[in-house]
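*Asks:* First, the structure itself, so that you have it in front of you.
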Amino acid sequence: MKYDERLAQSLVVSDRPSVVRFYGWNPPAISLGWHQDIGEIDLKKCAEAGIDVVRRPTGGRAILHSDEVTYSVVTVASRKSILSVYQEVSEALVSGLRVLGADVALEKSQPHFPTLYRSSSAVACFASAARYEIHIAGRKLVGSAQRRYARGNGEEVVLQHGSILLGPDHIRMVDFLKALDDHERQELKYELQGKTIDLASALGRRVKRDEV
């Protein structure tokens, strides 16, 4: 993700081409949104489980990068709005996911984030869906976040990250959140199970990272 940030910063001062990247994580890691409080994460539990904790340059909430594919897009916004770029990237991802046989669609609604972030469940990215994020029958499959960097000519460079779920391991994110008792932890797991879906569950087969 630091490399993604460097690509974005280099595009601020040059006319290099846009870049799309896909990668995985070893060992697994939790990435925090740019402004997220690291105090929301139990670092001792993460260390005991062999899970790294990093801060990504994009916004959004915490994601467990384990059984998933991370994508990044670095491009010039050409004065397009945040939602417009979200839509374009998501439509491209939808085209690819449909090749795999996934019956994906784009989220149409937009939550009120100041209210949403006051809830304990909002610590985890996949607890909510924003407009143009990708779902299957209302259950979120891809979570994305964006950041912009100003160019001298008035344009902006966009860095967008996203996580495409291959299996259900993202639910374990709940185990590493602070300020939850056992009952709240179990309730949040049920909530995430109901609000999210992974490619293996959707397609009824194990989907390898290289295929995605």
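Going by the structure tokens order, chains are called A, B, ..., each with residues numbered from 1, while ligands are numbered from 1 in the order shown.
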Give me the residues within 12 Å of Ile171 of chain A as a PDB file with C-alpha atoms, in the first residue's frame, counting only C-alpha atoms and dropping any in the same chain fewer than 3 places off.

*Replies:*
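So part03.pdb came out as:
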```pdb
ATOM      1  CA  ALA A  62     -10.715  -1.528   9.175  1.00  0.00           C
ATOM      2  CA  ILE A  63     -10.337  -4.526   6.846  1.00  0.00           C
ATOM      3  CA  LEU A  64      -8.801  -7.926   7.580  1.00  0.00           C
ATOM      4  CA  HIS A  65      -6.759  -8.786   4.496  1.00  0.00           C
ATOM      5  CA  SER A  66      -6.686 -12.553   4.654  1.00  0.00           C
ATOM      6  CA  ASP A  67      -8.807 -14.630   2.281  1.00  0.00           C
ATOM      7  CA  GLU A  68      -9.278 -11.874  -0.303  1.00  0.00           C
ATOM      8  CA  ALA A 124     -15.256  -2.812  10.429  1.00  0.00           C
ATOM      9  CA  CYS A 125     -15.429  -1.746   6.773  1.00  0.00           C
ATOM     10  CA  PHE A 126     -17.757  -4.544   5.662  1.00  0.00           C
ATOM     11  CA  ALA A 127     -20.431  -3.608   8.234  1.00  0.00           C
ATOM     12  CA  LEU A 165     -13.705 -11.334  -0.608  1.00  0.00           C
ATOM     13  CA  GLY A 167     -13.864 -16.621   1.527  1.00  0.00           C
ATOM     14  CA  PRO A 168     -15.475 -15.817   4.900  1.00  0.00           C
ATOM     15  CA  VAL A 174     -14.538  -8.828  14.926  1.00  0.00           C
ATOM     16  CA  ASP A 175     -12.171 -10.852  17.134  1.00  0.00           C
ATOM     17  CA  PHE A 176      -9.606  -8.042  17.067  1.00  0.00           C
ATOM     18  CA  LEU A 177     -11.882  -5.132  17.978  1.00  0.00           C
ATOM     19  CA  ARG A 185     -18.838  -9.554  19.490  1.00  0.00           C
ATOM     20  CA  GLN A 186     -21.160 -12.411  18.607  1.00  0.00           C
ATOM     21  CA  GLU A 187     -23.907 -10.015  17.531  1.00  0.00           C
ATOM     22  CA  LEU A 188     -21.517  -8.176  15.230  1.00  0.00           C
ATOM     23  CA  LYS A 189     -20.395 -11.477  13.688  1.00  0.00           C
ATOM     24  CA  TYR A 190     -24.023 -12.341  12.946  1.00  0.00           C
ATOM     25  CA  GLU A 191     -24.500  -8.870  11.462  1.00  0.00           C
ATOM     26  CA  LEU A 192     -21.482  -9.235   9.176  1.00  0.00           C
ATOM     27  CA  GLN A 193     -22.575 -12.719   8.100  1.00  0.00           C
ATOM     28  CA  GLY A 194     -25.929 -11.283   7.075  1.00  0.00           C
ATOM     29  CA  LYS A 195     -24.533  -8.172   5.353  1.00  0.00           C
ATOM     30  CA  THR A 196     -21.608  -9.713   3.456  1.00  0.00           C
ATOM     31  CA  ILE A 197     -20.890 -12.529   1.037  1.00  0.00           C
ATOM     32  CA  ASP A 198     -17.733 -14.034  -0.445  1.00  0.00           C
TER      33      ASP A 198
END
```

*Asks:* Mind checking which residues fall within 8 Å of segment 21-35 of chain A, counting only C-alpha atoms, ignoring those fewer than 3 positions away in the same chain, and posting them as a list in words?

*Replies:*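 Returned residues: Ile38, Gly50, Ile51, Asp52, Val53, Val54, Arg55, Arg56, Pro57, Thr58, Gly59, Gly60, Arg61, Ala62, Ile63, Leu64, His65, Ser66, Glu68, Val69, Thr70, Tyr71, Ser72, Val73, Met173 and Arg209 of chain A.
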
*Asks:* Print the selection's residues with N, CA, C and O atoms to a file, as a JSON list (two decimals), in the first residue's frame.

*Replies:*
```json
[["chain", "number", "residue", "atom", "x", "y", "z"],
["A", 38, "ILE", "N", -6.27, 3.86, 15.91],
["A", 38, "ILE", "CA", -5.67, 2.54, 16.09],
["A", 38, "ILE", "C", -6.06, 1.93, 17.43],
["A", 38, "ILE", "O", -5.99, 0.72, 17.63],
["A", 50, "GLY", "N", -0.62, -13.58, 14.81],
["A", 50, "GLY", "CA", 0.25, -13.44, 13.65],
["A", 50, "GLY", "C", -0.30, -12.53, 12.58],
["A", 50, "GLY", "O", -0.03, -12.70, 11.39],
["A", 51, "ILE", "N", -1.08, -11.53, 13.01],
["A", 51, "ILE", "CA", -1.70, -10.59, 12.07],
["A", 51, "ILE", "C", -1.05, -9.22, 12.22],
["A", 51, "ILE", "O", -1.02, -8.65, 13.31],
["A", 52, "ASP", "N", -0.53, -8.70, 11.13],
["A", 52, "ASP", "CA", 0.05, -7.36, 11.13],
["A", 52, "ASP", "C", -1.05, -6.31, 11.18],
["A", 52, "ASP", "O", -2.20, -6.58, 10.81],
["A", 53, "VAL", "N", -0.70, -5.11, 11.60],
["A", 53, "VAL", "CA", -1.63, -3.97, 11.58],
["A", 53, "VAL", "C", -0.93, -2.82, 10.86],
["A", 53, "VAL", "O", 0.19, -2.45, 11.23],
["A", 54, "VAL", "N", -1.56, -2.29, 9.82],
["A", 54, "VAL", "CA", -0.98, -1.20, 9.04],
["A", 54, "VAL", "C", -2.03, -0.10, 8.86],
["A", 54, "VAL", "O", -3.23, -0.34, 9.05],
["A", 55, "ARG", "N", -1.54, 1.08, 8.52],
["A", 55, "ARG", "CA", -2.45, 2.17, 8.18],
["A", 55, "ARG", "C", -2.33, 2.44, 6.68],
["A", 55, "ARG", "O", -1.25, 2.69, 6.18],
["A", 56, "ARG", "N", -3.46, 2.34, 5.98],
["A", 56, "ARG", "CA", -3.40, 2.57, 4.54],
["A", 56, "ARG", "C", -3.58, 4.06, 4.24],
["A", 56, "ARG", "O", -4.12, 4.80, 5.06],
["A", 57, "PRO", "N", -3.14, 4.50, 3.07],
["A", 57, "PRO", "CA", -3.27, 5.92, 2.72],
["A", 57, "PRO", "C", -4.68, 6.33, 2.33],
["A", 57, "PRO", "O", -4.94, 7.52, 2.17],
["A", 58, "THR", "N", -5.59, 5.38, 2.13],
["A", 58, "THR", "CA", -6.97, 5.69, 1.77],
["A", 58, "THR", "C", -7.87, 5.70, 3.00],
["A", 58, "THR", "O", -7.48, 5.26, 4.08],
["A", 59, "GLY", "N", -9.10, 6.18, 2.82],
["A", 59, "GLY", "CA", -10.03, 6.31, 3.93],
["A", 59, "GLY", "C", -10.74, 5.01, 4.25],
["A", 59, "GLY", "O", -10.25, 3.92, 3.98],
["A", 60, "GLY", "N", -11.95, 5.14, 4.82],
["A", 60, "GLY", "CA", -12.72, 3.96, 5.16],
["A", 60, "GLY", "C", -12.38, 3.40, 6.52],
["A", 60, "GLY", "O", -11.71, 4.05, 7.34],
["A", 61, "ARG", "N", -12.83, 2.17, 6.76],
["A", 61, "ARG", "CA", -12.69, 1.54, 8.07],
["A", 61, "ARG", "C", -11.82, 0.28, 7.97],
["A", 61, "ARG", "O", -11.33, -0.07, 6.90],
["A", 62, "ALA", "N", -11.66, -0.42, 9.09],
["A", 62, "ALA", "CA", -10.71, -1.53, 9.18],
["A", 62, "ALA", "C", -11.13, -2.72, 8.32],
["A", 62, "ALA", "O", -12.31, -3.08, 8.26],
["A", 63, "ILE", "N", -10.13, -3.33, 7.66],
["A", 63, "ILE", "CA", -10.34, -4.53, 6.85],
["A", 63, "ILE", "C", -9.30, -5.57, 7.24],
["A", 63, "ILE", "O", -8.12, -5.24, 7.41],
["A", 64, "LEU", "N", -9.73, -6.82, 7.39],
["A", 64, "LEU", "CA", -8.80, -7.93, 7.58],
["A", 64, "LEU", "C", -8.46, -8.48, 6.20],
["A", 64, "LEU", "O", -9.30, -9.06, 5.52],
["A", 65, "HIS", "N", -7.22, -8.28, 5.79],
["A", 65, "HIS", "CA", -6.76, -8.79, 4.50],
["A", 65, "HIS", "C", -6.23, -10.20, 4.71],
["A", 65, "HIS", "O", -5.09, -10.39, 5.13],
["A", 66, "SER", "N", -7.07, -11.16, 4.45],
["A", 66, "SER", "CA", -6.69, -12.55, 4.65],
["A", 66, "SER", "C", -7.09, -13.36, 3.43],
["A", 66, "SER", "O", -6.33, -13.51, 2.49],
["A", 68, "GLU", "N", -8.72, -12.90, 0.57],
["A", 68, "GLU", "CA", -9.28, -11.87, -0.30],
["A", 68, "GLU", "C", -8.24, -11.46, -1.34],
["A", 68, "GLU", "O", -7.09, -11.87, -1.29],
["A", 69, "VAL", "N", -8.66, -10.64, -2.29],
["A", 69, "VAL", "CA", -7.76, -10.00, -3.24],
["A", 69, "VAL", "C", -7.88, -8.49, -3.05],
["A", 69, "VAL", "O", -8.99, -7.95, -3.02],
["A", 70, "THR", "N", -6.77, -7.83, -2.86],
["A", 70, "THR", "CA", -6.76, -6.37, -2.77],
["A", 70, "THR", "C", -6.49, -5.80, -4.16],
["A", 70, "THR", "O", -5.64, -6.30, -4.88],
["A", 71, "TYR", "N", -7.24, -4.76, -4.52],
["A", 71, "TYR", "CA", -6.95, -4.06, -5.77],
["A", 71, "TYR", "C", -6.58, -2.61, -5.45],
["A", 71, "TYR", "O", -6.97, -2.06, -4.41],
["A", 72, "SER", "N", -5.85, -1.98, -6.35],
["A", 72, "SER", "CA", -5.61, -0.54, -6.24],
["A", 72, "SER", "C", -5.67, 0.08, -7.63],
["A", 72, "SER", "O", -5.27, -0.55, -8.62],
["A", 73, "VAL", "N", -6.18, 1.29, -7.69],
["A", 73, "VAL", "CA", -6.23, 2.07, -8.93],
["A", 73, "VAL", "C", -5.60, 3.43, -8.65],
["A", 73, "VAL", "O", -5.96, 4.10, -7.69],
["A", 173, "MET", "N", -12.41, -10.32, 11.64],
["A", 173, "MET", "CA", -12.08, -8.94, 12.00],
["A", 173, "MET", "C", -12.66, -8.60, 13.38],
["A", 173, "MET", "O", -12.04, -7.88, 14.18],
["A", 209, "ARG", "N", -7.02, -17.06, -5.89],
["A", 209, "ARG", "CA", -6.63, -15.65, -6.06],
["A", 209, "ARG", "C", -6.20, -15.36, -7.50],
["A", 209, "ARG", "O", -6.55, -14.34, -8.07]]
```

*Asks:* DSSP on the backbone: what in chain A comes out helix (DSSP H, G or I), as a ChimeraX atom specification?

*Replies:* /A:2-12,38-40,43-48,82-99,113-116,120-123,125-127,168-176,182-195,199-203

*Asks:* Determine, counting only C-alpha atoms, which protein, DNA and RNA residues have an atom within 9 Å of an atom of segment 80-82 of chain A; residues of the same chain fewer than 5 positions away are not included. Present the result as number ranges by chain.

*Replies:* A: 87, 146-148, 156, 158

*Asks:* Please determine, counting only C-alpha atoms, which residue among A:Val142, A:Ile134, A:Ile41, A:Val89 has the shortest atom-to-atom distance to Ala77 of chain A.

*Replies:* A:Val89

*Asks:* Give me, as a count of residues only, the residues of segment 17-191 of chain A that a backbone DSSP run labels strand (DSSP E or B).

*Replies:* 56

*Asks:* Quick one: of A:Ala179, A:Val19, A:Val13, A:Leu166, who's nearest to Leu100 of chain A, counting only C-alpha atoms?

*Replies:*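 Ranking A:Ala179, A:Val19, A:Val13, A:Leu166 by distance to Leu100 of chain A, first place goes to A:Leu166.
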